[in-house]
>>> print(open('input-v5.txt').read())   # compact mmCIF, N, CA and C atoms
# COMPACT_ATOMS: atom_id res chain seq x y z
N MET X 8 -13.88 -3.90 -22.30
CA MET X 8 -12.99 -3.51 -21.21
C MET X 8 -12.25 -4.74 -20.71
N CYS X 9 -10.96 -4.66 -20.71
CA CYS X 9 -10.13 -5.74 -20.18
C CYS X 9 -9.60 -5.34 -18.82
N THR X 10 -9.32 -6.31 -18.01
CA THR X 10 -8.75 -6.06 -16.69
C THR X 10 -7.24 -6.13 -16.79
N SER X 11 -6.59 -5.94 -15.68
CA SER X 11 -5.14 -6.08 -15.64
C SER X 11 -4.72 -7.51 -15.99
N SER X 12 -5.66 -8.45 -15.86
CA SER X 12 -5.37 -9.83 -16.20
C SER X 12 -5.50 -10.07 -17.71
N GLY X 13 -6.04 -9.07 -18.43
CA GLY X 13 -6.24 -9.22 -19.87
C GLY X 13 -7.53 -9.91 -20.25
N VAL X 14 -8.38 -10.20 -19.28
CA VAL X 14 -9.64 -10.90 -19.53
C VAL X 14 -10.75 -9.87 -19.74
N GLY X 15 -11.48 -10.02 -20.85
CA GLY X 15 -12.61 -9.15 -21.14
C GLY X 15 -13.92 -9.83 -20.80
N VAL X 16 -15.01 -9.15 -21.12
CA VAL X 16 -16.35 -9.68 -20.86
C VAL X 16 -17.11 -9.80 -22.17
N GLN X 17 -17.58 -10.99 -22.48
CA GLN X 17 -18.34 -11.23 -23.70
C GLN X 17 -19.69 -10.49 -23.61
N ASP X 18 -20.13 -9.90 -24.72
CA ASP X 18 -21.38 -9.14 -24.73
C ASP X 18 -22.57 -9.98 -24.28
N THR X 19 -22.59 -11.26 -24.65
CA THR X 19 -23.71 -12.11 -24.26
C THR X 19 -23.79 -12.31 -22.74
N ALA X 20 -22.67 -12.13 -22.05
CA ALA X 20 -22.67 -12.24 -20.59
C ALA X 20 -23.48 -11.10 -19.98
N VAL X 21 -23.33 -9.91 -20.53
CA VAL X 21 -24.07 -8.75 -20.04
C VAL X 21 -25.53 -8.85 -20.47
N GLU X 22 -25.78 -9.31 -21.68
CA GLU X 22 -27.15 -9.47 -22.18
C GLU X 22 -27.94 -10.45 -21.31
N ALA X 23 -27.31 -11.54 -20.90
CA ALA X 23 -27.98 -12.51 -20.03
C ALA X 23 -28.36 -11.86 -18.70
N PHE X 24 -27.47 -11.03 -18.17
CA PHE X 24 -27.77 -10.33 -16.92
C PHE X 24 -28.97 -9.41 -17.09
N GLN X 25 -29.02 -8.69 -18.20
CA GLN X 25 -30.15 -7.79 -18.45
C GLN X 25 -31.47 -8.58 -18.52
N ASP X 26 -31.42 -9.77 -19.11
CA ASP X 26 -32.60 -10.62 -19.17
C ASP X 26 -33.03 -11.07 -17.77
N LEU X 27 -32.08 -11.32 -16.90
CA LEU X 27 -32.40 -11.70 -15.52
C LEU X 27 -32.99 -10.50 -14.79
N LYS X 28 -32.35 -9.36 -14.92
CA LYS X 28 -32.74 -8.17 -14.16
C LYS X 28 -34.06 -7.56 -14.64
N LEU X 29 -34.19 -7.36 -15.94
CA LEU X 29 -35.34 -6.63 -16.47
C LEU X 29 -36.52 -7.51 -16.84
N LYS X 30 -36.22 -8.67 -17.40
CA LYS X 30 -37.29 -9.54 -17.88
C LYS X 30 -37.63 -10.67 -16.92
N LYS X 31 -36.81 -10.82 -15.86
CA LYS X 31 -36.99 -11.91 -14.89
C LYS X 31 -37.01 -13.27 -15.59
N LYS X 32 -36.22 -13.37 -16.68
CA LYS X 32 -36.19 -14.60 -17.47
C LYS X 32 -35.44 -15.72 -16.74
N TYR X 33 -34.37 -15.35 -16.03
CA TYR X 33 -33.52 -16.34 -15.37
C TYR X 33 -33.58 -16.20 -13.86
N ARG X 34 -33.43 -17.34 -13.16
CA ARG X 34 -33.28 -17.33 -11.71
C ARG X 34 -31.80 -17.10 -11.37
N TYR X 35 -30.92 -17.74 -12.17
CA TYR X 35 -29.49 -17.50 -11.95
C TYR X 35 -28.69 -17.73 -13.22
N ILE X 36 -27.48 -17.16 -13.20
CA ILE X 36 -26.52 -17.27 -14.30
C ILE X 36 -25.18 -17.64 -13.69
N ILE X 37 -24.50 -18.60 -14.32
CA ILE X 37 -23.15 -18.95 -13.90
C ILE X 37 -22.20 -18.55 -15.03
N TYR X 38 -21.17 -17.79 -14.66
CA TYR X 38 -20.17 -17.32 -15.61
C TYR X 38 -18.84 -18.02 -15.34
N LYS X 39 -18.04 -18.15 -16.40
CA LYS X 39 -16.69 -18.69 -16.23
C LYS X 39 -15.76 -17.95 -17.18
N ILE X 40 -14.48 -18.10 -16.94
CA ILE X 40 -13.47 -17.58 -17.87
C ILE X 40 -13.23 -18.67 -18.90
N ASN X 41 -13.28 -18.29 -20.18
CA ASN X 41 -13.16 -19.30 -21.24
C ASN X 41 -11.81 -20.02 -21.20
N ASP X 42 -11.71 -21.09 -21.96
CA ASP X 42 -10.52 -21.93 -21.92
C ASP X 42 -9.26 -21.23 -22.43
N ALA X 43 -9.45 -20.18 -23.24
CA ALA X 43 -8.30 -19.41 -23.74
C ALA X 43 -7.89 -18.31 -22.75
N TYR X 44 -8.62 -18.18 -21.65
CA TYR X 44 -8.36 -17.16 -20.62
C TYR X 44 -8.43 -15.74 -21.17
N THR X 45 -9.35 -15.50 -22.11
CA THR X 45 -9.45 -14.18 -22.73
C THR X 45 -10.76 -13.46 -22.40
N GLU X 46 -11.83 -14.23 -22.09
CA GLU X 46 -13.14 -13.61 -21.86
C GLU X 46 -13.94 -14.32 -20.77
N ILE X 47 -14.77 -13.52 -20.13
CA ILE X 47 -15.75 -14.08 -19.20
C ILE X 47 -17.00 -14.36 -20.03
N VAL X 48 -17.47 -15.60 -19.96
CA VAL X 48 -18.59 -16.05 -20.79
C VAL X 48 -19.66 -16.69 -19.90
N VAL X 49 -20.86 -16.81 -20.46
CA VAL X 49 -21.94 -17.50 -19.76
C VAL X 49 -21.70 -19.01 -19.87
N GLU X 50 -21.66 -19.67 -18.74
CA GLU X 50 -21.56 -21.13 -18.74
C GLU X 50 -22.94 -21.76 -18.68
N LYS X 51 -23.84 -21.13 -17.90
CA LYS X 51 -25.15 -21.74 -17.71
C LYS X 51 -26.15 -20.66 -17.30
N THR X 52 -27.35 -20.74 -17.88
CA THR X 52 -28.47 -19.92 -17.43
C THR X 52 -29.60 -20.86 -17.04
N VAL X 53 -30.29 -20.52 -15.98
CA VAL X 53 -31.41 -21.34 -15.53
C VAL X 53 -32.63 -20.44 -15.43
N GLU X 54 -33.65 -20.80 -16.19
CA GLU X 54 -34.85 -19.99 -16.25
C GLU X 54 -35.64 -20.05 -14.95
N THR X 55 -36.33 -18.96 -14.69
CA THR X 55 -37.17 -18.85 -13.52
C THR X 55 -38.36 -19.79 -13.67
N SER X 56 -38.52 -20.68 -12.71
CA SER X 56 -39.67 -21.58 -12.69
C SER X 56 -39.88 -22.05 -11.26
N GLY X 57 -41.02 -22.65 -11.02
CA GLY X 57 -41.36 -23.08 -9.68
C GLY X 57 -40.45 -24.15 -9.10
N ASP X 58 -39.83 -24.96 -9.95
CA ASP X 58 -39.02 -26.06 -9.43
C ASP X 58 -37.53 -25.71 -9.29
N VAL X 59 -37.16 -24.46 -9.56
CA VAL X 59 -35.77 -24.04 -9.40
C VAL X 59 -35.65 -23.28 -8.09
N ASP X 60 -34.95 -23.87 -7.12
CA ASP X 60 -34.79 -23.20 -5.84
C ASP X 60 -33.31 -22.93 -5.58
N TYR X 61 -33.02 -22.38 -4.43
CA TYR X 61 -31.66 -22.00 -4.10
C TYR X 61 -30.72 -23.22 -4.04
N GLU X 62 -31.22 -24.33 -3.55
CA GLU X 62 -30.39 -25.54 -3.47
C GLU X 62 -29.99 -26.03 -4.87
N HIS X 63 -30.86 -25.82 -5.83
CA HIS X 63 -30.54 -26.15 -7.24
C HIS X 63 -29.34 -25.34 -7.69
N PHE X 64 -29.33 -24.06 -7.35
CA PHE X 64 -28.20 -23.18 -7.67
C PHE X 64 -26.91 -23.66 -7.00
N VAL X 65 -26.97 -23.92 -5.72
CA VAL X 65 -25.78 -24.35 -4.98
C VAL X 65 -25.22 -25.65 -5.56
N SER X 66 -26.09 -26.56 -5.92
CA SER X 66 -25.63 -27.84 -6.48
C SER X 66 -25.02 -27.68 -7.87
N SER X 67 -25.25 -26.55 -8.52
CA SER X 67 -24.68 -26.30 -9.84
C SER X 67 -23.25 -25.77 -9.78
N LEU X 68 -22.79 -25.40 -8.61
CA LEU X 68 -21.44 -24.86 -8.47
C LEU X 68 -20.42 -26.00 -8.56
N PRO X 69 -19.37 -25.81 -9.35
CA PRO X 69 -18.37 -26.88 -9.47
C PRO X 69 -17.57 -27.04 -8.17
N THR X 70 -17.20 -28.25 -7.89
CA THR X 70 -16.51 -28.56 -6.65
C THR X 70 -15.11 -27.95 -6.58
N ASN X 71 -14.38 -27.99 -7.70
CA ASN X 71 -12.97 -27.59 -7.67
C ASN X 71 -12.61 -26.42 -8.58
N ASP X 72 -13.60 -25.73 -9.13
CA ASP X 72 -13.32 -24.64 -10.07
C ASP X 72 -14.01 -23.36 -9.64
N CYS X 73 -13.37 -22.24 -9.93
CA CYS X 73 -13.93 -20.93 -9.62
C CYS X 73 -15.01 -20.56 -10.62
N ARG X 74 -15.95 -19.73 -10.19
CA ARG X 74 -17.01 -19.21 -11.05
C ARG X 74 -17.49 -17.88 -10.49
N TYR X 75 -18.12 -17.10 -11.37
CA TYR X 75 -18.90 -15.94 -10.96
C TYR X 75 -20.36 -16.34 -11.17
N CYS X 76 -21.24 -15.84 -10.33
CA CYS X 76 -22.66 -16.16 -10.46
C CYS X 76 -23.49 -14.94 -10.12
N VAL X 77 -24.65 -14.88 -10.74
CA VAL X 77 -25.66 -13.88 -10.39
C VAL X 77 -26.93 -14.65 -10.06
N TYR X 78 -27.53 -14.32 -8.93
CA TYR X 78 -28.73 -15.04 -8.48
C TYR X 78 -29.79 -14.02 -8.07
N ASP X 79 -31.02 -14.24 -8.55
CA ASP X 79 -32.16 -13.40 -8.17
C ASP X 79 -32.73 -14.00 -6.88
N PHE X 80 -32.29 -13.47 -5.76
CA PHE X 80 -32.56 -14.04 -4.43
C PHE X 80 -33.89 -13.52 -3.89
N GLU X 81 -34.79 -14.45 -3.61
CA GLU X 81 -36.11 -14.11 -3.07
C GLU X 81 -36.14 -14.47 -1.60
N PHE X 82 -36.63 -13.54 -0.78
CA PHE X 82 -36.68 -13.80 0.66
C PHE X 82 -37.85 -13.05 1.28
N GLY X 83 -38.31 -13.56 2.40
CA GLY X 83 -39.43 -12.96 3.10
C GLY X 83 -38.97 -11.94 4.12
N THR X 84 -39.77 -10.87 4.26
CA THR X 84 -39.54 -9.86 5.29
C THR X 84 -40.87 -9.61 5.99
N GLY X 85 -40.87 -8.74 6.97
CA GLY X 85 -42.11 -8.38 7.64
C GLY X 85 -43.09 -7.71 6.69
N ASP X 86 -42.57 -7.15 5.60
CA ASP X 86 -43.40 -6.44 4.62
C ASP X 86 -43.81 -7.33 3.45
N GLY X 87 -43.42 -8.60 3.47
CA GLY X 87 -43.76 -9.50 2.36
C GLY X 87 -42.52 -10.09 1.72
N VAL X 88 -42.64 -10.47 0.47
CA VAL X 88 -41.54 -11.11 -0.25
C VAL X 88 -40.77 -10.06 -1.04
N ARG X 89 -39.45 -10.14 -0.98
CA ARG X 89 -38.59 -9.21 -1.72
C ARG X 89 -37.59 -10.00 -2.56
N ASN X 90 -37.05 -9.35 -3.58
CA ASN X 90 -36.01 -9.93 -4.43
C ASN X 90 -34.82 -8.98 -4.46
N LYS X 91 -33.64 -9.55 -4.41
CA LYS X 91 -32.40 -8.79 -4.56
C LYS X 91 -31.48 -9.60 -5.47
N ILE X 92 -30.81 -8.90 -6.37
CA ILE X 92 -29.86 -9.57 -7.26
C ILE X 92 -28.51 -9.61 -6.57
N LEU X 93 -27.97 -10.82 -6.43
CA LEU X 93 -26.70 -11.02 -5.73
C LEU X 93 -25.63 -11.48 -6.71
N PHE X 94 -24.41 -11.00 -6.50
CA PHE X 94 -23.25 -11.41 -7.29
C PHE X 94 -22.37 -12.27 -6.39
N PHE X 95 -22.11 -13.49 -6.84
CA PHE X 95 -21.27 -14.42 -6.08
C PHE X 95 -19.93 -14.61 -6.77
N THR X 96 -18.88 -14.61 -5.96
CA THR X 96 -17.58 -15.05 -6.42
C THR X 96 -17.32 -16.38 -5.74
N TRP X 97 -17.37 -17.46 -6.52
CA TRP X 97 -17.18 -18.82 -6.00
C TRP X 97 -15.73 -19.20 -6.26
N SER X 98 -14.96 -19.33 -5.19
CA SER X 98 -13.55 -19.66 -5.29
C SER X 98 -13.22 -20.72 -4.23
N PRO X 99 -13.58 -21.98 -4.53
CA PRO X 99 -13.42 -23.01 -3.50
C PRO X 99 -11.96 -23.23 -3.10
N ASP X 100 -11.80 -23.61 -1.85
CA ASP X 100 -10.45 -23.87 -1.32
C ASP X 100 -9.71 -24.91 -2.16
N THR X 101 -10.44 -25.80 -2.79
CA THR X 101 -9.84 -26.90 -3.56
C THR X 101 -9.43 -26.51 -4.98
N SER X 102 -9.74 -25.28 -5.41
CA SER X 102 -9.34 -24.87 -6.77
C SER X 102 -7.86 -24.50 -6.80
N LYS X 103 -7.29 -24.52 -8.00
CA LYS X 103 -5.87 -24.23 -8.16
C LYS X 103 -5.59 -22.76 -7.89
N ILE X 104 -4.45 -22.48 -7.30
CA ILE X 104 -4.10 -21.12 -6.91
C ILE X 104 -4.05 -20.18 -8.12
N LYS X 105 -3.55 -20.65 -9.26
CA LYS X 105 -3.49 -19.82 -10.46
C LYS X 105 -4.90 -19.41 -10.90
N GLN X 106 -5.83 -20.36 -10.82
CA GLN X 106 -7.21 -20.06 -11.20
C GLN X 106 -7.82 -19.04 -10.23
N LYS X 107 -7.58 -19.21 -8.94
CA LYS X 107 -8.09 -18.26 -7.95
C LYS X 107 -7.58 -16.85 -8.23
N MET X 108 -6.30 -16.76 -8.54
CA MET X 108 -5.70 -15.45 -8.82
C MET X 108 -6.29 -14.82 -10.07
N LEU X 109 -6.50 -15.60 -11.12
CA LEU X 109 -7.06 -15.09 -12.36
C LEU X 109 -8.49 -14.60 -12.14
N TYR X 110 -9.29 -15.36 -11.43
CA TYR X 110 -10.67 -14.96 -11.16
C TYR X 110 -10.71 -13.70 -10.28
N ALA X 111 -9.84 -13.61 -9.29
CA ALA X 111 -9.80 -12.42 -8.43
C ALA X 111 -9.40 -11.18 -9.23
N ALA X 112 -8.42 -11.34 -10.12
CA ALA X 112 -7.94 -10.20 -10.92
C ALA X 112 -8.93 -9.78 -12.00
N SER X 113 -9.80 -10.68 -12.41
CA SER X 113 -10.72 -10.40 -13.52
C SER X 113 -12.13 -10.02 -13.08
N LYS X 114 -12.42 -10.17 -11.81
CA LYS X 114 -13.79 -9.97 -11.31
C LYS X 114 -14.36 -8.60 -11.64
N ASP X 115 -13.58 -7.55 -11.45
CA ASP X 115 -14.11 -6.20 -11.64
C ASP X 115 -14.57 -5.93 -13.06
N ALA X 116 -13.97 -6.57 -14.05
CA ALA X 116 -14.40 -6.36 -15.44
C ALA X 116 -15.86 -6.75 -15.60
N LEU X 117 -16.26 -7.87 -15.01
CA LEU X 117 -17.65 -8.31 -15.07
C LEU X 117 -18.52 -7.50 -14.12
N ARG X 118 -18.08 -7.35 -12.91
CA ARG X 118 -18.88 -6.69 -11.86
C ARG X 118 -19.29 -5.28 -12.27
N LYS X 119 -18.40 -4.55 -12.92
CA LYS X 119 -18.70 -3.17 -13.31
C LYS X 119 -19.74 -3.09 -14.42
N LYS X 120 -19.91 -4.16 -15.16
CA LYS X 120 -20.90 -4.18 -16.25
C LYS X 120 -22.29 -4.63 -15.79
N LEU X 121 -22.38 -5.12 -14.57
CA LEU X 121 -23.64 -5.64 -14.05
C LEU X 121 -24.29 -4.61 -13.13
N ASP X 122 -24.87 -3.59 -13.73
CA ASP X 122 -25.51 -2.53 -12.98
C ASP X 122 -26.83 -3.02 -12.39
N GLY X 123 -26.99 -2.86 -11.09
CA GLY X 123 -28.22 -3.28 -10.44
C GLY X 123 -28.03 -4.43 -9.46
N VAL X 124 -26.79 -4.83 -9.23
CA VAL X 124 -26.51 -5.88 -8.25
C VAL X 124 -26.60 -5.27 -6.85
N PHE X 125 -27.31 -5.95 -5.96
CA PHE X 125 -27.52 -5.45 -4.60
C PHE X 125 -26.24 -5.56 -3.76
N THR X 126 -25.63 -6.74 -3.77
CA THR X 126 -24.40 -6.93 -3.01
C THR X 126 -23.61 -8.09 -3.59
N GLU X 127 -22.38 -8.19 -3.13
CA GLU X 127 -21.47 -9.24 -3.58
C GLU X 127 -21.19 -10.19 -2.42
N ILE X 128 -21.16 -11.47 -2.74
CA ILE X 128 -20.90 -12.49 -1.72
C ILE X 128 -19.73 -13.35 -2.20
N GLN X 129 -18.68 -13.39 -1.39
CA GLN X 129 -17.51 -14.19 -1.71
C GLN X 129 -17.60 -15.50 -0.95
N CYS X 130 -17.44 -16.60 -1.68
CA CYS X 130 -17.60 -17.93 -1.08
C CYS X 130 -16.41 -18.81 -1.41
N THR X 131 -15.91 -19.50 -0.39
CA THR X 131 -14.82 -20.45 -0.60
C THR X 131 -15.23 -21.88 -0.26
N ASP X 132 -16.39 -22.02 0.39
CA ASP X 132 -16.91 -23.36 0.69
C ASP X 132 -18.43 -23.29 0.80
N LEU X 133 -19.06 -24.45 0.92
CA LEU X 133 -20.52 -24.53 0.90
C LEU X 133 -21.18 -23.81 2.08
N SER X 134 -20.50 -23.69 3.21
CA SER X 134 -21.11 -23.00 4.35
C SER X 134 -21.31 -21.52 4.05
N GLU X 135 -20.40 -20.93 3.27
CA GLU X 135 -20.50 -19.51 2.95
C GLU X 135 -21.54 -19.21 1.88
N VAL X 136 -21.94 -20.23 1.13
CA VAL X 136 -22.95 -20.06 0.09
C VAL X 136 -24.30 -20.65 0.53
N SER X 137 -24.36 -21.12 1.76
CA SER X 137 -25.61 -21.71 2.25
C SER X 137 -26.72 -20.67 2.28
N HIS X 138 -27.95 -21.13 2.13
CA HIS X 138 -29.10 -20.22 2.13
C HIS X 138 -29.14 -19.41 3.42
N GLU X 139 -28.86 -20.04 4.55
CA GLU X 139 -28.90 -19.36 5.84
C GLU X 139 -27.88 -18.23 5.92
N ALA X 140 -26.65 -18.50 5.47
CA ALA X 140 -25.60 -17.48 5.51
C ALA X 140 -25.92 -16.30 4.60
N VAL X 141 -26.41 -16.59 3.42
CA VAL X 141 -26.74 -15.54 2.46
C VAL X 141 -27.96 -14.74 2.94
N LEU X 142 -28.97 -15.43 3.43
CA LEU X 142 -30.16 -14.75 3.95
C LEU X 142 -29.79 -13.83 5.10
N ASP X 143 -28.91 -14.29 5.97
CA ASP X 143 -28.46 -13.48 7.10
C ASP X 143 -27.78 -12.20 6.61
N LYS X 144 -26.89 -12.33 5.64
CA LYS X 144 -26.18 -11.16 5.12
C LYS X 144 -27.14 -10.18 4.45
N VAL X 145 -28.02 -10.69 3.61
CA VAL X 145 -28.96 -9.83 2.89
C VAL X 145 -29.93 -9.16 3.88
N SER X 146 -30.42 -9.91 4.85
CA SER X 146 -31.37 -9.36 5.83
C SER X 146 -30.75 -8.23 6.64
N ARG X 147 -29.49 -8.37 7.02
CA ARG X 147 -28.81 -7.33 7.76
C ARG X 147 -28.65 -6.06 6.93
N MET X 148 -28.44 -6.23 5.62
CA MET X 148 -28.24 -5.07 4.75
C MET X 148 -29.55 -4.36 4.44
N VAL X 149 -30.65 -5.10 4.44
CA VAL X 149 -31.96 -4.53 4.09
C VAL X 149 -32.56 -3.77 5.26
N SER X 150 -32.37 -4.30 6.46
CA SER X 150 -33.03 -3.68 7.64
C SER X 150 -32.30 -2.48 8.16
>>> encode(input="input-v5.txt", output="structure tokens")
Amino acid sequence: MCTSSGVGVQDTAVEAFQDLKLKKKYRYIIYKINDAYTEIVVEKTVETSGDVDYEHFVSSLPTNDCRYCVYDFEFGTGDGVRNKILFFTWSPDTSKIKQKMLYAASKDALRKKLDGVFTEIQCTDLSEVSHEAVLDKVSRMVS
């Protein structure tokens, strides 16, 4: 499936998501549009382990380039620990306008293939992707 931007989604991008969702293999996945601007591909997968935390994810986001990300977000509630799969659109203020437009126009092609995402979080700077901001949004939606 291509979007109006002409960008499709590589099969391995969806397979990586299934591994995160069903097998709990990954803590997070970072996606990018390839250099030919034809497909959304996996840029990085990070396996679930004790030393991978949310700050590790945030530090993996590029300073000046857009990305899509999926993160298996773990948080505490009155009932114990819960997990929700979050979809992030990272579009920093410092990225080029053409890149921002391409990522915005292509997002739905990927998003529609990722069945099981709890919510989407759009971020333009580090304050919007901070653990506190994300936890607040997720907590409000769960309660």
>>> residues_around(input="input-v5.txt", residues="Ser12 of chain X", least_positions_apart="5", cutoff="7 Å", atoms="only N, CA and C atoms", output="PyMOL selection string")
chain X and resi 109+112-113
>>> residues_around(input="input-v5.txt", residues="Glu46 of chain X", least_positions_apart="5", cutoff="8 Å", atoms="only C-alpha atoms", output="list in words")
Val14, Gly15, Val16, Gln17, Ile40 and Asn41 of chain X
>>> residues_around(input="input-v5.txt", residues="Cys76 of chain X", least_positions_apart="5", cutoff="5 Å", atoms="all atoms listed in the file", output="tab-separated table (two decimals) with N, CA and C atoms, in the frame of the given file")
chain	number	residue	atom	x	y	z
X	36	ILE	N	-27.48	-17.16	-13.20
X	36	ILE	CA	-26.52	-17.27	-14.30
X	36	ILE	C	-25.18	-17.64	-13.69
X	37	ILE	N	-24.50	-18.60	-14.32
X	37	ILE	CA	-23.15	-18.95	-13.90
X	37	ILE	C	-22.20	-18.55	-15.03
X	38	TYR	N	-21.17	-17.79	-14.66
X	38	TYR	CA	-20.17	-17.32	-15.61
X	38	TYR	C	-18.84	-18.02	-15.34
X	94	PHE	N	-24.41	-11.00	-6.50
X	94	PHE	CA	-23.25	-11.41	-7.29
X	94	PHE	C	-22.37	-12.27	-6.39
X	95	PHE	N	-22.11	-13.49	-6.84
X	95	PHE	CA	-21.27	-14.42	-6.08
X	95	PHE	C	-19.93	-14.61	-6.77
>>> atom_distance(input="input-v5.txt", atom1="atom C of Ser98 of chain X", atom2="atom N of Val141 of chain X")
15.8 Å
>>> select_by_dssp(input="input-v5.txt", residues="chain X", states="helix (DSSP H, G or I)", output="PyMOL selection string")
chain X and resi 18-30+61-66+104-118+138-149
>>> closest_residue(input="input-v5.txt", among="X:Lys28, X:Arg34, X:Arg74, X:Lys107", to="Asp60 of chain X", atoms="only C-alpha atoms")
X:Arg34
>>> residues_around(input="input-v5.txt", residues="Tyr110 of chain X", least_positions_apart="5", cutoff="7 Å", atoms="all atoms listed in the file", output="mmCIF file with N, CA and C atoms, keeping the file's coordinate frame")
data_model
loop_
_atom_site.group_PDB
_atom_site.id
_atom_site.type_symbol
_atom_site.label_atom_id
_atom_site.label_comp_id
_atom_site.auth_asym_id
_atom_site.auth_seq_id
_atom_site.Cartn_x
_atom_site.Cartn_y
_atom_site.Cartn_z
ATOM 1 N N CYS X 73 -13.370 -22.240 -9.930
ATOM 2 C CA CYS X 73 -13.930 -20.930 -9.620
ATOM 3 C C CYS X 73 -15.010 -20.560 -10.620
ATOM 4 N N LYS X 105 -3.550 -20.650 -9.260
ATOM 5 C CA LYS X 105 -3.490 -19.820 -10.460
ATOM 6 C C LYS X 105 -4.900 -19.410 -10.900
ATOM 7 N N ASP X 115 -13.580 -7.550 -11.450
ATOM 8 C CA ASP X 115 -14.110 -6.200 -11.640
ATOM 9 C C ASP X 115 -14.570 -5.930 -13.060
#
>>> atom_distance(input="input-v5.txt", atom1="atom C of Ser146 of chain X", atom2="atom N of Thr131 of chain X")
19.9 Å
>>> atom_distance(input="input-v5.txt", atom1="atom CA of Arg89 of chain X", atom2="atom N of Phe125 of chain X")
12.5 Å
>>> residues_around(input="input-v5.txt", residues="segment 56-59 of chain X", least_positions_apart="3", cutoff="8 Å", atoms="all atoms listed in the file", output="list in words")
Lys32, Tyr33, Arg34, Val53, Glu62, His63 and Phe64 of chain X
>>> closest_residue(input="input-v5.txt", among="X:Leu27, X:Met108, X:Leu117, X:Leu68", to="Cys130 of chain X", atoms="only C-alpha atoms")
X:Leu68
>>> closest_residue(input="input-v5.txt", among="X:Phe82, X:Tyr75, X:Glu22, X:Gly123", to="Lys144 of chain X", atoms="only C-alpha atoms")
X:Phe82
>>> closest_residue(input="input-v5.txt", among="X:Ala43, X:Trp97, X:Val49, X:Asp143", to="Asp72 of chain X", atoms="all atoms listed in the file")
X:Trp97
>>> select_by_dssp(input="input-v5.txt", residues="chain X", states="strand (DSSP E)", output="PyMOL selection string")
chain X and resi 15-16+33-40+46-54+74-84+87-97+126-130
>>> closest_residue(input="input-v5.txt", among="X:Ser67, X:Asn90, X:Thr96, X:Gln25", to="Ile128 of chain X", atoms="only N, CA and C atoms")
X:Thr96
>>> closest_residue(input="input-v5.txt", among="X:Met148, X:Ser66, X:Thr126, X:Leu93", to="Asp79 of chain X", atoms="only N, CA and C atoms")
X:Leu93
>>> decode(input="input-v5.txt", residues="segment 60-72 of chain X", atoms="N, CA and C atoms", output="PDB file, in the first residue's frame")
ATOM      1  N   ASP X  60      16.024   1.180  28.928  1.00  0.00           N
ATOM      2  CA  ASP X  60      14.933   1.915  29.534  1.00  0.00           C
ATOM      3  C   ASP X  60      14.438   2.999  28.576  1.00  0.00           C
ATOM      4  N   TYR X  61      13.485   3.768  29.034  1.00  0.00           N
ATOM      5  CA  TYR X  61      12.873   4.788  28.187  1.00  0.00           C
ATOM      6  C   TYR X  61      13.884   5.859  27.753  1.00  0.00           C
ATOM      7  N   GLU X  62      14.792   6.210  28.642  1.00  0.00           N
ATOM      8  CA  GLU X  62      15.801   7.220  28.298  1.00  0.00           C
ATOM      9  C   GLU X  62      16.715   6.732  27.176  1.00  0.00           C
ATOM     10  N   HIS X  63      16.953   5.442  27.131  1.00  0.00           N
ATOM     11  CA  HIS X  63      17.737   4.839  26.034  1.00  0.00           C
ATOM     12  C   HIS X  63      17.022   5.086  24.712  1.00  0.00           C
ATOM     13  N   PHE X  64      15.719   4.896  24.705  1.00  0.00           N
ATOM     14  CA  PHE X  64      14.897   5.151  23.516  1.00  0.00           C
ATOM     15  C   PHE X  64      14.977   6.621  23.097  1.00  0.00           C
ATOM     16  N   VAL X  65      14.760   7.512  24.036  1.00  0.00           N
ATOM     17  CA  VAL X  65      14.769   8.947  23.723  1.00  0.00           C
ATOM     18  C   VAL X  65      16.129   9.375  23.164  1.00  0.00           C
ATOM     19  N   SER X  66      17.195   8.842  23.723  1.00  0.00           N
ATOM     20  CA  SER X  66      18.537   9.214  23.246  1.00  0.00           C
ATOM     21  C   SER X  66      18.829   8.655  21.848  1.00  0.00           C
ATOM     22  N   SER X  67      18.038   7.697  21.398  1.00  0.00           N
ATOM     23  CA  SER X  67      18.224   7.124  20.059  1.00  0.00           C
ATOM     24  C   SER X  67      17.559   7.957  18.961  1.00  0.00           C
ATOM     25  N   LEU X  68      16.746   8.917  19.337  1.00  0.00           N
ATOM     26  CA  LEU X  68      16.062   9.744  18.340  1.00  0.00           C
ATOM     27  C   LEU X  68      17.045  10.754  17.739  1.00  0.00           C
ATOM     28  N   PRO X  69      17.051  10.872  16.414  1.00  0.00           N
ATOM     29  CA  PRO X  69      17.982  11.823  15.793  1.00  0.00           C
ATOM     30  C   PRO X  69      17.585  13.271  16.097  1.00  0.00           C
ATOM     31  N   THR X  70      18.573  14.111  16.225  1.00  0.00           N
ATOM     32  CA  THR X  70      18.337  15.499  16.596  1.00  0.00           C
ATOM     33  C   THR X  70      17.606  16.285  15.513  1.00  0.00           C
ATOM     34  N   ASN X  71      17.969  16.054  14.248  1.00  0.00           N
ATOM     35  CA  ASN X  71      17.451  16.892  13.161  1.00  0.00           C
ATOM     36  C   ASN X  71      16.656  16.149  12.091  1.00  0.00           C
ATOM     37  N   ASP X  72      16.319  14.889  12.334  1.00  0.00           N
ATOM     38  CA  ASP X  72      15.616  14.106  11.316  1.00  0.00           C
ATOM     39  C   ASP X  72      14.343  13.494  11.874  1.00  0.00           C
TER      40      ASP X  72
END
